[in-house]
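What follows is the content of my_file-v9.cif (mmCIF, C-alpha atoms and all ligand atoms).
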```cif
data_my_file
loop_
_atom_site.label_atom_id
_atom_site.label_comp_id
_atom_site.auth_asym_id
_atom_site.auth_seq_id
_atom_site.Cartn_x
_atom_site.Cartn_y
_atom_site.Cartn_z
CA MET A 179 -7.50 25.20 -13.41
CA ASP A 180 -8.62 25.12 -9.78
CA GLU A 181 -7.12 22.36 -7.64
CA GLN A 182 -10.50 21.03 -6.48
CA GLU A 183 -11.68 20.85 -10.11
CA LEU A 184 -8.59 18.84 -11.01
CA ILE A 185 -9.23 16.48 -8.10
CA ALA A 186 -12.85 16.06 -9.16
CA GLY A 187 -11.68 15.35 -12.73
CA CYS A 188 -9.24 12.71 -11.45
CA LEU A 189 -12.02 11.08 -9.46
CA ARG A 190 -14.04 10.86 -12.69
CA GLY A 191 -11.03 9.06 -14.24
CA ARG A 192 -9.65 11.98 -16.29
CA MET A 193 -5.94 11.20 -16.67
CA GLU A 194 -5.29 14.63 -18.18
CA ASP A 195 -6.33 16.25 -14.88
CA PHE A 196 -4.06 13.93 -12.98
CA ARG A 197 -1.17 14.80 -15.31
CA MET A 198 -1.69 18.45 -14.38
CA ILE A 199 -1.60 17.58 -10.68
CA VAL A 200 1.65 15.64 -11.18
CA GLU A 201 3.19 18.53 -13.10
CA ARG A 202 2.04 21.07 -10.51
CA TYR A 203 3.47 19.19 -7.55
CA SER A 204 6.55 17.51 -9.08
CA ALA A 205 9.03 20.26 -8.26
CA PRO A 206 7.96 20.97 -4.64
CA ALA A 207 7.68 17.23 -3.94
CA MET A 208 11.13 16.60 -5.44
CA ALA A 209 12.64 19.41 -3.36
CA LEU A 210 11.17 17.99 -0.14
CA ALA A 211 12.19 14.42 -1.05
CA MET A 212 15.75 15.52 -1.88
CA ASN A 213 15.99 17.39 1.40
CA ILE A 214 14.83 14.33 3.33
CA LEU A 215 16.69 11.65 1.35
CA GLY A 216 19.72 13.60 0.24
CA ASN A 217 19.99 12.23 -3.29
CA ARG A 218 18.19 12.62 -6.57
CA ASP A 219 17.65 8.95 -7.52
CA ASP A 220 15.90 8.03 -4.29
CA ALA A 221 13.93 11.28 -4.41
CA GLU A 222 12.67 10.51 -7.94
CA ASP A 223 11.67 6.99 -6.87
CA ALA A 224 9.86 8.40 -3.83
CA CYS A 225 8.01 10.94 -6.00
CA GLN A 226 6.95 8.29 -8.49
CA GLU A 227 5.59 6.15 -5.65
CA LEU A 228 3.96 9.24 -4.17
CA PHE A 229 1.93 10.07 -7.29
CA ILE A 230 0.86 6.45 -7.81
CA GLN A 231 -0.38 6.40 -4.21
CA VAL A 232 -2.08 9.76 -4.60
CA PHE A 233 -4.02 8.46 -7.61
CA ARG A 234 -5.01 5.26 -5.84
CA HIS A 235 -6.10 6.95 -2.62
CA LEU A 236 -7.59 10.15 -3.98
CA LYS A 237 -11.04 9.00 -2.87
CA SER A 238 -9.91 9.08 0.75
CA TYR A 239 -8.61 12.67 0.51
CA ASP A 240 -10.47 14.95 2.93
CA LYS A 241 -11.40 18.13 1.03
CA ASP A 242 -11.30 20.18 4.24
CA ARG A 243 -7.58 19.50 4.49
CA SER A 244 -4.87 21.17 2.43
CA PHE A 245 -4.15 19.03 -0.65
CA LYS A 246 -0.48 19.98 -0.58
CA ASN A 247 -0.23 18.92 3.06
CA TRP A 248 -1.91 15.62 2.21
CA ILE A 249 0.63 15.04 -0.59
CA TYR A 250 3.53 15.92 1.70
CA THR A 251 2.24 13.54 4.39
CA ILE A 252 2.29 10.65 1.88
CA LEU A 253 5.69 11.73 0.54
CA TYR A 254 7.16 11.90 4.04
CA ARG A 255 6.03 8.29 4.67
CA ARG A 256 7.52 7.15 1.33
CA CYS A 257 10.81 8.86 2.21
CA LEU A 258 10.91 7.16 5.61
CA ASP A 259 10.44 3.82 3.84
CA HIS A 260 13.36 4.65 1.54
CA LEU A 261 15.55 5.56 4.50
CA LYS A 262 14.65 2.26 6.20
CA ARG A 263 15.50 0.32 3.03
CA ARG A 264 18.77 2.23 2.68
CA ARG A 265 19.69 1.49 6.30
CA ARG A 266 18.97 -2.22 5.77
CA SER A 267 21.02 -2.42 2.58
CA ALA A 268 23.88 -0.48 4.21
CA GLU A 269 23.86 -3.02 7.05
CA LEU A 270 23.95 -5.85 4.52
CA VAL A 271 26.81 -4.26 2.59
CA LYS A 272 28.64 -3.74 5.87
CA LYS A 273 28.18 -7.41 6.79
CA MET A 274 29.31 -8.56 3.36
CA GLY A 275 32.26 -6.20 3.56
CA ARG A 276 33.28 -7.75 6.86
CA GLU A 277 33.05 -11.23 5.36
CA THR A 278 35.08 -10.36 2.29
CA VAL A 279 37.60 -8.23 4.14
CA MET A 280 40.23 -10.99 3.76
CA THR A 281 40.07 -10.92 -0.02
CA THR A 282 39.39 -7.21 -0.57
CA PRO A 283 41.06 -5.24 2.21
CA ALA A 284 40.54 -2.00 0.33
CA ASN A 285 36.74 -2.39 0.59
CA PRO A 286 35.56 -0.07 3.37
CA GLY A 287 32.42 -2.20 3.83
CA HIS A 288 29.85 0.60 3.57
CA SER A 289 28.47 2.78 0.87
CA HIS A 290 27.77 6.48 0.69
CA PRO A 291 24.78 7.44 -1.44
CA PRO A 292 25.45 10.22 -3.93
CA ARG A 293 24.44 13.45 -2.19
CA SER A 294 22.91 16.66 -3.31
CA LEU A 295 22.62 18.06 0.21
CA PRO A 296 25.47 19.35 2.34
CA SER A 297 26.82 16.24 4.04
CA GLY A 298 26.62 17.76 7.54
CA LEU A 299 22.89 18.20 7.13
CA LEU A 300 22.31 14.50 6.44
CA GLU A 301 24.62 13.33 9.18
CA GLN A 302 23.57 15.68 11.96
CA LEU A 303 19.86 16.15 11.37
CA LYS A 304 17.31 13.39 11.79
CA ALA A 305 14.76 12.81 9.00
CA LYS A 306 12.01 14.47 11.08
CA GLU A 307 14.22 17.49 11.69
CA ARG A 308 15.15 17.78 7.99
CA THR A 309 11.46 17.56 7.06
CA ALA A 310 10.43 20.16 9.63
CA LEU A 311 13.25 22.45 8.55
CA CYS A 312 12.44 22.11 4.84
CA LEU A 313 8.72 22.77 5.34
CA TRP A 314 9.48 25.78 7.51
CA ALA A 315 12.27 27.31 5.41
CA ASN A 316 11.05 26.46 1.90
CA GLU A 317 7.29 26.43 2.31
CA GLY A 318 6.81 28.82 5.20
CA TYR A 319 4.86 26.19 7.13
CA THR A 320 3.80 26.83 10.72
CA ALA A 321 4.45 24.32 13.50
CA GLN A 322 0.80 23.26 13.27
CA GLU A 323 1.13 22.51 9.53
CA ILE A 324 4.43 20.68 10.07
CA SER A 325 2.78 18.59 12.79
CA GLU A 326 0.10 17.46 10.32
CA VAL A 327 2.75 16.17 7.92
CA LEU A 328 4.84 14.52 10.64
CA ARG A 329 1.71 13.24 12.44
CA CYS A 330 2.79 14.60 15.82
CA SER A 331 1.67 17.40 18.13
CA ALA A 332 2.44 21.01 17.21
CA SER A 333 4.56 21.25 20.34
CA THR A 334 6.70 18.29 19.23
CA ALA A 335 7.00 19.77 15.72
CA ARG A 336 8.30 23.00 17.30
CA VAL A 337 10.95 21.02 19.17
CA TYR A 338 12.07 19.25 15.94
CA LEU A 339 12.30 22.61 14.24
CA PHE A 340 14.19 24.13 17.14
CA GLN A 341 16.69 21.25 17.13
CA ALA A 342 17.15 21.51 13.36
CA ARG A 343 17.73 25.27 13.46
CA LYS A 344 20.15 24.92 16.33
CA LYS A 345 22.15 22.23 14.55
CA ILE A 346 22.22 24.25 11.32
CA LYS A 347 23.46 27.30 13.20
CA ASN A 348 26.25 25.26 14.77
CA LEU A 349 27.20 23.72 11.42
CA LEU A 350 27.30 27.14 9.79
CA GLU A 351 29.37 28.61 12.61
CA GLN A 352 31.81 25.73 12.54
CA GLY A 353 32.02 25.86 8.75
CA HIS A 354 31.06 22.17 8.53
CA VAL A 355 28.64 22.64 5.69
CA SER A 356 29.38 23.51 2.13
CA LEU A 357 26.82 24.21 -0.53
CA GLN A 358 26.47 21.35 -3.00
CA ASN A 359 22.93 21.95 -4.17
CA GLY A 360 21.85 20.76 -7.59
CA MET B 165 26.75 35.98 23.94
CA SER B 166 27.26 32.84 26.07
CA ARG B 167 25.30 29.69 25.30
CA CYS B 168 22.14 28.89 27.25
CA LYS B 169 22.22 25.47 28.94
CA THR B 170 18.53 25.37 29.94
CA VAL B 171 17.41 23.20 27.04
CA GLU B 172 20.20 20.70 27.67
CA LEU B 173 19.09 20.64 31.32
CA PHE B 174 15.51 19.88 30.25
CA TYR B 175 16.79 16.98 28.15
CA ALA B 176 18.80 15.64 31.07
CA LEU B 177 16.19 16.08 33.77
CA VAL B 178 12.78 15.69 32.13
CA PRO B 179 12.24 12.18 30.78
CA LEU B 180 8.62 12.71 29.74
CA LYS B 181 8.64 13.70 26.05
CA PRO B 182 5.43 15.81 25.77
CA TRP B 183 6.16 17.67 28.99
CA ARG B 184 9.81 18.23 28.00
CA GLY B 185 8.71 19.42 24.55
CA ASN B 186 6.37 21.96 26.12
CA LEU B 187 9.02 23.27 28.52
CA ILE B 188 11.61 23.59 25.72
CA ARG B 189 9.15 25.42 23.46
CA ARG B 190 8.11 27.89 26.17
CA HIS B 191 11.70 28.55 27.13
CA VAL B 192 13.11 28.94 23.61
CA GLU B 193 10.37 31.36 22.55
CA LYS B 194 11.31 33.73 25.35
CA CYS B 195 15.04 33.20 25.81
CA PRO B 196 17.12 35.65 23.73
CA ARG B 197 20.24 33.52 24.04
CA CYS B 198 18.47 30.45 22.70
CA LEU B 199 16.85 32.46 19.89
CA ALA B 200 20.26 33.79 18.93
CA GLY B 201 21.50 30.20 18.62
CA LEU B 202 18.92 29.31 15.97
CA ALA B 203 19.50 29.54 12.24
CA SER B 204 17.26 31.99 10.38
CA ARG B 205 14.83 30.90 7.66
CA GLU B 206 17.13 32.37 5.01
CA ALA B 207 20.24 30.65 6.36
CA ALA B 208 18.44 27.31 6.53
CA GLY B 209 16.94 27.81 3.08
CA SER B 210 20.38 28.51 1.60
CA LEU B 211 21.51 25.02 2.58
CA LEU B 212 18.41 23.20 1.38
CA VAL B 213 17.40 22.10 -2.11
CA GLN B 214 14.89 24.66 -3.39
CA GLU B 215 11.84 24.02 -5.58
CA ARG B 216 13.18 26.34 -8.30
CA GLY B 217 16.53 24.53 -8.25
CA VAL B 218 14.97 21.13 -8.86
CA ASN B 219 15.81 19.55 -12.17
CA ILE B 220 13.94 16.27 -12.55
CA GLY B 221 16.06 13.99 -14.69
CA ARG B 222 13.39 11.37 -15.33
CA PRO B 223 10.11 11.69 -17.24
CA LEU B 224 8.12 11.43 -14.03
CA TRP B 225 4.65 11.71 -15.57
CA ALA B 226 5.38 9.04 -18.23
CA GLU B 227 6.58 6.65 -15.53
CA VAL B 228 3.58 7.34 -13.28
CA GLU B 229 1.16 6.98 -16.20
CA SER B 230 2.64 3.67 -17.41
CA ALA B 231 2.57 2.32 -13.84
CA LEU B 232 -1.08 3.32 -13.48
CA VAL B 233 -2.01 1.88 -16.89
CA ALA B 234 -0.22 -1.40 -16.07
CA ASP B 235 -2.00 -1.41 -12.74
CA SER B 236 -5.44 -0.85 -14.30
CA GLY B 237 -4.65 -3.44 -17.04
CA GLY B 238 -3.81 -6.00 -14.39
CA LYS B 239 -6.97 -5.08 -12.51
CA ARG B 240 -9.02 -5.42 -15.71
CA MET B 241 -7.50 -8.85 -16.41
CA LYS B 242 -8.27 -9.90 -12.86
CA ASP B 243 -11.84 -8.66 -13.27
CA GLN B 244 -12.19 -10.54 -16.57
CA ALA B 245 -10.81 -13.74 -15.03
CA PHE B 246 -13.20 -13.32 -12.12
CA GLN B 247 -16.13 -12.67 -14.48
CA SER B 248 -15.33 -15.70 -16.66
CA SER B 249 -15.02 -17.94 -13.60
CA VAL B 250 -18.37 -16.60 -12.34
CA MET B 251 -19.89 -17.22 -15.79
CA ARG B 252 -18.49 -20.76 -15.85
CA ARG B 253 -19.95 -21.49 -12.42
CA TRP B 254 -23.30 -20.08 -13.46
CA GLY B 255 -23.16 -22.21 -16.64
CA TRP B 256 -22.57 -25.35 -14.62
CA ALA B 257 -25.33 -24.46 -12.17
CA VAL B 258 -27.85 -23.81 -14.97
CA ALA B 259 -26.90 -27.00 -16.85
CA THR B 260 -27.17 -29.11 -13.66
CA THR B 261 -30.53 -27.60 -12.76
CA PHE B 262 -31.80 -28.21 -16.29
CA LEU B 263 -30.66 -31.84 -16.16
CA VAL B 264 -32.27 -32.39 -12.72
CA VAL B 265 -35.54 -30.85 -13.96
CA LEU B 266 -35.42 -33.01 -17.09
CA VAL B 267 -34.78 -36.26 -15.18
CA THR B 268 -37.44 -35.43 -12.56
CA ALA B 269 -39.97 -34.59 -15.25
CA PHE B 270 -39.15 -37.80 -17.10
CA LEU B 271 -39.57 -39.91 -13.95
CA LEU B 272 -42.80 -38.18 -12.95
CA LEU B 273 -44.32 -38.45 -16.41
CA ARG B 274 -43.25 -42.06 -16.77
CA ASP B 275 -44.97 -43.03 -13.49
CA PHE B 276 -48.10 -40.92 -13.62
CA ARG B 277 -49.02 -40.20 -17.21
CA PRO B 278 -52.08 -42.32 -18.09
CA GLU B 279 -50.99 -42.71 -21.74
CA ARG B 280 -47.94 -44.55 -20.52
CA ILE B 281 -50.10 -47.30 -19.03
CA PRO B 282 -50.89 -49.02 -22.37
CA ALA B 283 -47.17 -49.46 -22.84
CA ALA B 284 -47.26 -51.71 -19.76
CA THR B 285 -49.70 -53.98 -21.54
CA ASN B 286 -46.86 -55.02 -23.79
CA VAL B 287 -45.25 -56.72 -20.83
CA PRO B 288 -46.11 -60.43 -20.93
CA PRO B 289 -48.56 -61.32 -18.16
CA ARG B 290 -46.37 -64.19 -17.11
CA PHE B 291 -43.11 -64.07 -15.26
CA GLU B 292 -40.53 -66.29 -16.90
CA LEU B 293 -37.09 -67.37 -15.89
CA GLU B 294 -35.23 -69.54 -18.30
CA TYR B 295 -32.47 -70.71 -16.12
CA ILE B 296 -31.01 -70.10 -12.67
CA ARG B 297 -27.49 -71.21 -11.85
CA VAL B 298 -25.74 -71.07 -8.49
CA SER B 299 -21.97 -71.63 -8.39
CA GLY B 300 -22.07 -72.66 -12.05
CA GLN B 301 -24.58 -75.43 -11.39
CA PRO B 302 -28.33 -75.52 -12.09
CA ALA B 303 -29.97 -74.11 -8.97
CA ASN B 304 -32.81 -75.47 -6.89
CA ALA B 305 -35.24 -72.61 -7.55
CA VAL B 306 -38.66 -71.62 -6.23
CA VAL B 307 -40.72 -68.79 -7.70
CA TYR B 308 -43.46 -67.33 -5.48
CA GLN B 309 -46.02 -64.59 -6.22
CA PRO B 310 -48.50 -63.68 -3.46
CA GLN B 311 -52.13 -63.49 -4.65
CA GLY B 312 -53.26 -60.05 -5.84
CA SER B 313 -49.69 -58.70 -5.71
CA ASN B 314 -47.21 -57.71 -8.38
CA LEU B 315 -44.38 -58.82 -6.13
CA ILE B 316 -42.53 -61.92 -7.33
CA VAL B 317 -40.04 -63.66 -5.03
CA VAL B 318 -37.42 -65.90 -6.56
CA TRP B 319 -35.62 -68.15 -4.15
CA ALA B 320 -32.57 -69.98 -5.51
CA GLY B 321 -30.53 -72.52 -3.57
CA LYS B 322 -27.50 -74.64 -4.45
CA ASN B 323 -28.40 -78.08 -5.60
CA PRO B 324 -27.25 -80.68 -3.07
ZN ZN C 401 17.75 29.65 26.73
#
```
Mind converting the file's structure to structure tokens?
Amino acid sequence: MDEQELIAGCLRGRMEDFRMIVERYSAPAMALAMNILGNRDDAEDACQELFIQVFRHLKSYDKDRSFKNWIYTILYRRCLDHLKRRRRSAELVKKMGRETVMTTPANPGHSHPPRSLPSGLLEQLKAKERTALCLWANEGYTAQEISEVLRCSASTARVYLFQARKKIKNLLEQGHVSLQNG
Amino acid sequence: MSRCKTVELFYALVPLKPWRGNLIRRHVEKCPRCLAGLASREAAGSLLVQERGVNIGRPLWAEVESALVADSGGKRMKDQAFQSSVMRRWGWAVATTFLVVLVTAFLLLRDFRPERIPAATNVPPRFELEYIRVSGQPANAVVYQPQGSNLIVVWAGKNP
């Protein structure tokens, strides 16, 4: 069924049409979320939040814009929220670790989320760079399309992409990345 | 091929982000050394999670659907609560209006309906007071009615 027909069906309250949208976009959205967040659990949470938001805000979707791009823009925002939350909880764990260091000296005081991405990628690339890289490498997006998702100028999107590609090249040359996809 | 330092120079010397971004982009697109230092699409893709490699562990649609149903259920309950409170308010407003209309009609009809006048004839033509006491003692009382008036003034004073 045509995407615009599905959207129109959703706007008329047809849940079956929305189920088809969720099924159509689950895999690409999960791939992008995993590449931004680096782990499956957070990516699944982000995707669930994404589709709930899509359903709620479908009325505000501009039909002249790419639907996939609109979905990715929302997903990118959800992922940034997850990263913020993760940073806050890591800070809290670090603080608590410092306070309990007398009783549990073995506690390093910080947590590493389970990763499905090569660790170098998460550590060296910023979220914007990972997003730009994923959209470019996986989706074949142009700088203009990336800029729409990141809400920045096309020129800035090109710089993010350039930085990401440069860092990846260095990581590959130095052998600092190993494939752990899954 | 030696590394190009131009981009690093731009970062060090150009503080303005949009201008710096433009300079970097123009340079990188034309500089073979910079282009050689960038990972290809395939190399980048090999490190990233791919759509075809995604295996969603959770029943995503079921979770989304139940969240939306719970959301709409909550909304419906809110709507119902709002509707019942509106209905209650309307009920009170209608009942109050009805009561006001009833009382007004009663007062108007009592004062102006001619058939009510005969009822007044039952009232004894004389004004009577059996007893007036002030401070528990029989009072020194004067009753006064001006001629041609229905007004009756009763003056009661304490007995000396
Ligand atoms: Zn260069």
Hey, which residues come within 6 Å of ligand ZN 401 (chain C) if we count all atoms listed in the file? Could you give them as number ranges by chain? B: 168, 170, 192, 195, 197-198
Suppose we keep C-alpha atoms; can you now write the selection as a PDB file, in the frame of the given file?
```pdb
ATOM      1  CA  CYS B 168      22.140  28.890  27.250  1.00  0.00           C
ATOM      2  CA  THR B 170      18.530  25.370  29.940  1.00  0.00           C
ATOM      3  CA  VAL B 192      13.110  28.940  23.610  1.00  0.00           C
ATOM      4  CA  CYS B 195      15.040  33.200  25.810  1.00  0.00           C
ATOM      5  CA  ARG B 197      20.240  33.520  24.040  1.00  0.00           C
ATOM      6  CA  CYS B 198      18.470  30.450  22.700  1.00  0.00           C
TER       7      CYS B 198
END
```
For chain B against chain A, which residues fall within 9 Å using only C-alpha atoms, given as a PDB file with C-alpha atoms, in the coordinates of the input?
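Contents of result38.pdb, as written:
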```pdb
ATOM      1  CA  LYS B 181       8.640  13.700  26.050  1.00  0.00           C
ATOM      2  CA  PRO B 182       5.430  15.810  25.770  1.00  0.00           C
ATOM      3  CA  GLY B 185       8.710  19.420  24.550  1.00  0.00           C
ATOM      4  CA  ASN B 186       6.370  21.960  26.120  1.00  0.00           C
ATOM      5  CA  ILE B 188      11.610  23.590  25.720  1.00  0.00           C
ATOM      6  CA  ARG B 189       9.150  25.420  23.460  1.00  0.00           C
ATOM      7  CA  VAL B 192      13.110  28.940  23.610  1.00  0.00           C
ATOM      8  CA  CYS B 198      18.470  30.450  22.700  1.00  0.00           C
ATOM      9  CA  LEU B 199      16.850  32.460  19.890  1.00  0.00           C
ATOM     10  CA  GLY B 201      21.500  30.200  18.620  1.00  0.00           C
ATOM     11  CA  LEU B 202      18.920  29.310  15.970  1.00  0.00           C
ATOM     12  CA  ALA B 203      19.500  29.540  12.240  1.00  0.00           C
ATOM     13  CA  SER B 204      17.260  31.990  10.380  1.00  0.00           C
ATOM     14  CA  ARG B 205      14.830  30.900   7.660  1.00  0.00           C
ATOM     15  CA  GLU B 206      17.130  32.370   5.010  1.00  0.00           C
ATOM     16  CA  ALA B 207      20.240  30.650   6.360  1.00  0.00           C
ATOM     17  CA  ALA B 208      18.440  27.310   6.530  1.00  0.00           C
ATOM     18  CA  GLY B 209      16.940  27.810   3.080  1.00  0.00           C
ATOM     19  CA  SER B 210      20.380  28.510   1.600  1.00  0.00           C
ATOM     20  CA  LEU B 211      21.510  25.020   2.580  1.00  0.00           C
ATOM     21  CA  LEU B 212      18.410  23.200   1.380  1.00  0.00           C
ATOM     22  CA  VAL B 213      17.400  22.100  -2.110  1.00  0.00           C
ATOM     23  CA  GLN B 214      14.890  24.660  -3.390  1.00  0.00           C
ATOM     24  CA  GLU B 215      11.840  24.020  -5.580  1.00  0.00           C
ATOM     25  CA  ARG B 216      13.180  26.340  -8.300  1.00  0.00           C
ATOM     26  CA  GLY B 217      16.530  24.530  -8.250  1.00  0.00           C
ATOM     27  CA  VAL B 218      14.970  21.130  -8.860  1.00  0.00           C
ATOM     28  CA  ASN B 219      15.810  19.550 -12.170  1.00  0.00           C
ATOM     29  CA  ILE B 220      13.940  16.270 -12.550  1.00  0.00           C
ATOM     30  CA  GLY B 221      16.060  13.990 -14.690  1.00  0.00           C
ATOM     31  CA  ARG B 222      13.390  11.370 -15.330  1.00  0.00           C
ATOM     32  CA  LEU B 224       8.120  11.430 -14.030  1.00  0.00           C
ATOM     33  CA  TRP B 225       4.650  11.710 -15.570  1.00  0.00           C
ATOM     34  CA  GLU B 227       6.580   6.650 -15.530  1.00  0.00           C
ATOM     35  CA  VAL B 228       3.580   7.340 -13.280  1.00  0.00           C
ATOM     36  CA  GLU B 229       1.160   6.980 -16.200  1.00  0.00           C
ATOM     37  CA  ALA B 231       2.570   2.320 -13.840  1.00  0.00           C
ATOM     38  CA  LEU B 232      -1.080   3.320 -13.480  1.00  0.00           C
TER      39      LEU B 232
END
```
Quick one: axis-aligned box around all listed atoms of stretch 213-219 of chain B, 8 Å on every side, centre and edge lengths in Å to one decimal, written as AutoDock Vina command-line options.
```
--center_x 14.6 --center_y 22.9 --center_z -7.1 --size_x 21.6 --size_y 22.8 --size_z 26.1
```
Atom CA of A:Arg265 and atom CA of A:Lys306 are how many Å apart?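 Computed distance, atom CA of A:Arg265 to atom CA of A:Lys306, equals 15.8 Å.
The space separating atom CA of A:Leu303 from atom CA of A:Leu270 comes to 23.4 Å.
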Just give me the residues with any atom within 10 Å of (-9.5, 18.6, -12.1), file coordinates, counting all atoms listed in the file, written as JSON, numbers by chain. {"A": [179, 180, 181, 182, 183, 184, 185, 186, 187, 188, 189, 190, 191, 192, 193, 194, 195, 196, 197, 198, 199]}
File of the preceding selection, C-alpha atoms, as a tab-separated table (two decimals), in the coordinates of the input:
```
chain	number	residue	atom	x	y	z
A	179	MET	CA	-7.50	25.20	-13.41
A	180	ASP	CA	-8.62	25.12	-9.78
A	181	GLU	CA	-7.12	22.36	-7.64
A	182	GLN	CA	-10.50	21.03	-6.48
A	183	GLU	CA	-11.68	20.85	-10.11
A	184	LEU	CA	-8.59	18.84	-11.01
A	185	ILE	CA	-9.23	16.48	-8.10
A	186	ALA	CA	-12.85	16.06	-9.16
A	187	GLY	CA	-11.68	15.35	-12.73
A	188	CYS	CA	-9.24	12.71	-11.45
A	189	LEU	CA	-12.02	11.08	-9.46
A	190	ARG	CA	-14.04	10.86	-12.69
A	191	GLY	CA	-11.03	9.06	-14.24
A	192	ARG	CA	-9.65	11.98	-16.29
A	193	MET	CA	-5.94	11.20	-16.67
A	194	GLU	CA	-5.29	14.63	-18.18
A	195	ASP	CA	-6.33	16.25	-14.88
A	196	PHE	CA	-4.06	13.93	-12.98
A	197	ARG	CA	-1.17	14.80	-15.31
A	198	MET	CA	-1.69	18.45	-14.38
A	199	ILE	CA	-1.60	17.58	-10.68
```
Atomic separation - atom CA of B:Leu173 relative to atom CA of B:Leu187, Å: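 The value is 10.8 Å.
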Would you fill out stretch 267-272 of chain A with all heavy atoms and return it as a tab-separated table (two decimals), keeping the file's coordinate frame?
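Dumped to out11.tsv:
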```tsv
chain	number	residue	atom	x	y	z
A	267	SER	N	20.04	-2.00	3.59
A	267	SER	CA	21.02	-2.42	2.58
A	267	SER	C	22.43	-2.02	3.00
A	267	SER	O	23.39	-2.73	2.72
A	267	SER	CB	20.66	-1.88	1.20
A	267	SER	OG	20.80	-0.50	1.19
A	268	ALA	N	22.56	-0.90	3.73
A	268	ALA	CA	23.88	-0.48	4.21
A	268	ALA	C	24.40	-1.50	5.22
A	268	ALA	O	25.59	-1.84	5.22
A	268	ALA	CB	23.80	0.90	4.84
A	269	GLU	N	23.47	-2.01	6.06
A	269	GLU	CA	23.86	-3.02	7.05
A	269	GLU	C	24.34	-4.29	6.35
A	269	GLU	O	25.31	-4.91	6.75
A	269	GLU	CB	22.68	-3.34	7.98
A	269	GLU	CG	22.54	-2.33	9.11
A	269	GLU	CD	21.21	-2.44	9.81
A	269	GLU	OE1	20.51	-3.46	9.65
A	269	GLU	OE2	20.86	-1.49	10.55
A	270	LEU	N	23.61	-4.64	5.28
A	270	LEU	CA	23.95	-5.85	4.52
A	270	LEU	C	25.32	-5.69	3.86
A	270	LEU	O	26.16	-6.60	3.93
A	270	LEU	CB	22.87	-6.10	3.46
A	270	LEU	CG	22.92	-7.46	2.79
A	270	LEU	CD1	22.47	-8.55	3.75
A	270	LEU	CD2	21.99	-7.47	1.57
A	271	VAL	N	25.53	-4.53	3.26
A	271	VAL	CA	26.81	-4.26	2.59
A	271	VAL	C	27.94	-4.30	3.61
A	271	VAL	O	29.02	-4.85	3.36
A	271	VAL	CB	26.77	-2.90	1.85
A	271	VAL	CG1	28.15	-2.48	1.39
A	271	VAL	CG2	25.82	-2.96	0.67
A	272	LYS	N	27.65	-3.77	4.80
A	272	LYS	CA	28.64	-3.74	5.87
A	272	LYS	C	29.01	-5.17	6.28
A	272	LYS	O	30.18	-5.49	6.43
A	272	LYS	CB	28.06	-2.98	7.07
A	272	LYS	CG	29.10	-2.31	7.94
A	272	LYS	CD	28.41	-1.43	8.96
A	272	LYS	CE	29.41	-0.75	9.87
A	272	LYS	NZ	28.74	0.15	10.81
```
